[in-house]
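J.: Encoded as structure tokens, here's the structure I'll be asking about.
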Amino acid sequence: MQGSLPPEAQEKLEELQNLQETAQNVTEQKQSSESALADAQTALETLEGVDEDTNMYREVGELLVETDYETAKADLEEKVETLEIRVEQLTKQDERVQEKFESLQQELQEMLQGGAGPMGPGGA
């Protein structure tokens with residue numbers, strides 16, 4: 001079917017396919033960030049119930065390094081804040097990509113429907 005499309009319509013179709021891939025990537029990033037955010041929030045909530053004198057460790061690559069309560073709490077709060085911003089940005093990006101996709105889809109439909117009108121049989 002693509003071979004019979006006018007060049008403008010083929011371009012729009014390719015752009016739609018690219019936007020679809022972009023939307024999928026943004027959605028995957030958003031889901032990953034939401035999961036990391038939920039984990040960080042759970043860790044922060046858990047930390048609230050821990051005695052401040054408790055020995056604490058944090059992961060640094062493959063190692064566990066000792067840390068204090070205040071540092072652990074500050075790091076988790078910063079991580080939660082950063083992830084909340086990231087999820088918000090990805091949500092907005094997802095909405096923009098979706099709007100652009102719908103707009104292009106509409107343009108392509110109009111282009112294809114218009115092509116069957118005056119340029120159809122007996123129209124030229």
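By convention here, the chains of the structure tokens are called A, B, ... in the order presented, each chain's residues are numbered starting at 1, and ligands are numbered starting at 1 in the order presented.
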Write out as a PyMOL selection string all residues of chain A that backbone DSSP assigns to helix (DSSP H, G or I).

T.: chain A and resi 2-4+7-48+69-115

J.: Give me the residues within 9 Å of A:Glu34 as a PyMOL selection string, counting only C-alpha atoms and dropping any in the same chain fewer than 5 places off.

T.: chain A and resi 29+39+83-84+86-87

J.: Write out the residues from the selection above, keeping N, CA and C atoms, as a tab-separated table (two decimals), in the first residue's frame.

T.:
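Contents of the output file part09.tsv:
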chain	number	residue	atom	x	y	z
A	29	GLN	N	10.38	4.93	29.42
A	29	GLN	CA	11.16	5.74	30.36
A	29	GLN	C	10.28	6.20	31.53
A	39	ASP	N	9.92	3.04	44.48
A	39	ASP	CA	10.93	2.38	45.31
A	39	ASP	C	11.58	3.39	46.27
A	83	LEU	N	13.18	12.36	40.80
A	83	LEU	CA	12.33	11.42	40.05
A	83	LEU	C	10.93	11.99	39.83
A	84	GLU	N	10.42	12.74	40.79
A	84	GLU	CA	9.11	13.37	40.60
A	84	GLU	C	9.16	14.35	39.43
A	86	ARG	N	11.29	14.24	36.94
A	86	ARG	CA	11.49	13.43	35.73
A	86	ARG	C	10.17	12.85	35.23
A	87	VAL	N	9.38	12.31	36.15
A	87	VAL	CA	8.08	11.73	35.76
A	87	VAL	C	7.17	12.82	35.20

J.: Output as a ChimeraX atom specification all residues of stretch 2-102 of chain A that backbone DSSP marks as strand (DSSP E).

T.: /A:56-60,63-67

J.: If you count only C-alpha atoms, which residues fall within 10 Å of A:Gln105, apart from same-chain ones fewer than 6 positions away, as an MDAnalysis selection string?

T.: chainID A and resid 12:13 15:16 99 111

J.: Selected residues, N, CA and C atoms, written as a PDB file, in the first residue's frame, please.

T.:
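Saved to out.pdb:
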ATOM      1  N   LYS A  12       4.388  11.663   5.632  1.00  0.00           N
ATOM      2  CA  LYS A  12       3.551  11.746   6.839  1.00  0.00           C
ATOM      3  C   LYS A  12       3.478  10.387   7.528  1.00  0.00           C
ATOM      4  N   LEU A  13       3.358   9.335   6.744  1.00  0.00           N
ATOM      5  CA  LEU A  13       3.284   7.992   7.304  1.00  0.00           C
ATOM      6  C   LEU A  13       4.580   7.626   8.017  1.00  0.00           C
ATOM      7  N   GLU A  15       6.694   9.753   9.284  1.00  0.00           N
ATOM      8  CA  GLU A  15       6.750  10.604  10.471  1.00  0.00           C
ATOM      9  C   GLU A  15       5.875  10.022  11.589  1.00  0.00           C
ATOM     10  N   LEU A  16       4.712   9.499  11.202  1.00  0.00           N
ATOM     11  CA  LEU A  16       3.828   8.853  12.175  1.00  0.00           C
ATOM     12  C   LEU A  16       4.514   7.644  12.811  1.00  0.00           C
ATOM     13  N   GLU A  99      -0.285  14.312  21.090  1.00  0.00           N
ATOM     14  CA  GLU A  99      -1.001  15.356  20.349  1.00  0.00           C
ATOM     15  C   GLU A  99      -0.470  15.467  18.920  1.00  0.00           C
ATOM     16  N   MET A 111      -5.437  14.039   3.775  1.00  0.00           N
ATOM     17  CA  MET A 111      -4.667  13.983   2.534  1.00  0.00           C
ATOM     18  C   MET A 111      -5.131  12.801   1.667  1.00  0.00           C
TER      19      MET A 111
END

J.: Compare A:Thr46, A:Ala40, A:Glu107, A:Thr91 by their minimum atom-to-atom distance to A:Asp75, counting only C-alpha atoms, and give me the closest one.

T.: A:Ala40

J.: Rounded to one decimal in Å, what is the spacing between atom CA of A:Arg96 and atom CA of A:Gln20?

T.: 12.2 Å

J.: Find the residues around A:Lys30 up to 12 Å (only C-alpha atoms counted), leave out those fewer than 4 positions away in its own chain, and share them as a PDB file with C-alpha atoms, in the first residue's frame.

T.:
ATOM      1  CA  ALA A  23       5.961   7.568  22.144  1.00  0.00           C
ATOM      2  CA  GLN A  24       6.877   3.995  23.017  1.00  0.00           C
ATOM      3  CA  ASN A  25      10.334   5.064  24.259  1.00  0.00           C
ATOM      4  CA  VAL A  26       8.882   7.891  26.347  1.00  0.00           C
ATOM      5  CA  GLU A  34       7.651   5.792  38.103  1.00  0.00           C
ATOM      6  CA  SER A  35       8.908   2.448  39.379  1.00  0.00           C
ATOM      7  CA  ALA A  36      12.152   3.986  40.662  1.00  0.00           C
ATOM      8  CA  LEU A  37      10.125   6.776  42.290  1.00  0.00           C
ATOM      9  CA  LEU A  83      12.327  11.422  40.052  1.00  0.00           C
ATOM     10  CA  GLU A  84       9.105  13.372  40.596  1.00  0.00           C
ATOM     11  CA  ILE A  85      10.411  16.068  38.253  1.00  0.00           C
ATOM     12  CA  ARG A  86      11.494  13.432  35.731  1.00  0.00           C
ATOM     13  CA  VAL A  87       8.080  11.732  35.764  1.00  0.00           C
ATOM     14  CA  GLU A  88       6.375  15.107  35.332  1.00  0.00           C
ATOM     15  CA  GLN A  89       8.616  15.977  32.365  1.00  0.00           C
ATOM     16  CA  LEU A  90       8.031  12.589  30.748  1.00  0.00           C
ATOM     17  CA  THR A  91       4.273  12.928  31.251  1.00  0.00           C
ATOM     18  CA  LYS A  92       4.306  16.287  29.453  1.00  0.00           C
ATOM     19  CA  GLN A  93       6.536  14.912  26.694  1.00  0.00           C
ATOM     20  CA  ASP A  94       4.203  11.940  26.294  1.00  0.00           C
ATOM     21  CA  GLU A  95       1.217  14.280  25.961  1.00  0.00           C
TER      22      GLU A  95
END

J.: Quick one: residues within 12 Å of A:Thr71, only C-alpha atoms, excluding same-chain residues fewer than 3 positions away - as a list in words?

T.: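 Within the cut-off, the hits are Leu44, Leu47, Glu52, Met56, Tyr57, Arg58, Glu66, Thr67, Asp68, Ala74, Asp75, Leu76, Glu77 and Glu78 of chain A.
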
J.: Mind pulling up the distance from atom CA of A:Asp53 to atom CA of A:Thr82?

T.: 27.0 Å

J.: Let me make sure I understand: among A:Gln98, A:Thr22, A:Gln113, A:Gln106, which one has the smallest atom-to-atom distance to A:Leu5 if we use only C-alpha atoms?

T.: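 When distances to A:Leu5 are compared using only C-alpha atoms, the smallest one comes from A:Gln113.
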
J.: Compile the contact shell of A:Ala9 as an NGL selection string: residues with an atom at most 10 Å away, counting only C-alpha atoms, same-chain residues fewer than 5 positions apart removed.

T.: :A and (2 or 4 or 14-15 or 107-112 or 115)

J.: Rank nothing, just name the residue among A:Glu8, A:Thr42, A:Gly114, A:Gly49 nearest to A:Lys79, using only C-alpha atoms.

T.: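 Closest candidate: A:Thr42.
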
J.: For atom CA of A:Glu62 and atom CA of A:Thr27, quote the distance in Å rounded to one decimal.

T.: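 Interatomic distance here is 29.0 Å.
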
J.: Between A:Ser103, A:Ser33, A:Val97, A:Gln17, which has the minimum distance to A:Glu81 (counting only C-alpha atoms)?

T.: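 When distances to A:Glu81 are compared using only C-alpha atoms, the smallest one comes from A:Ser33.
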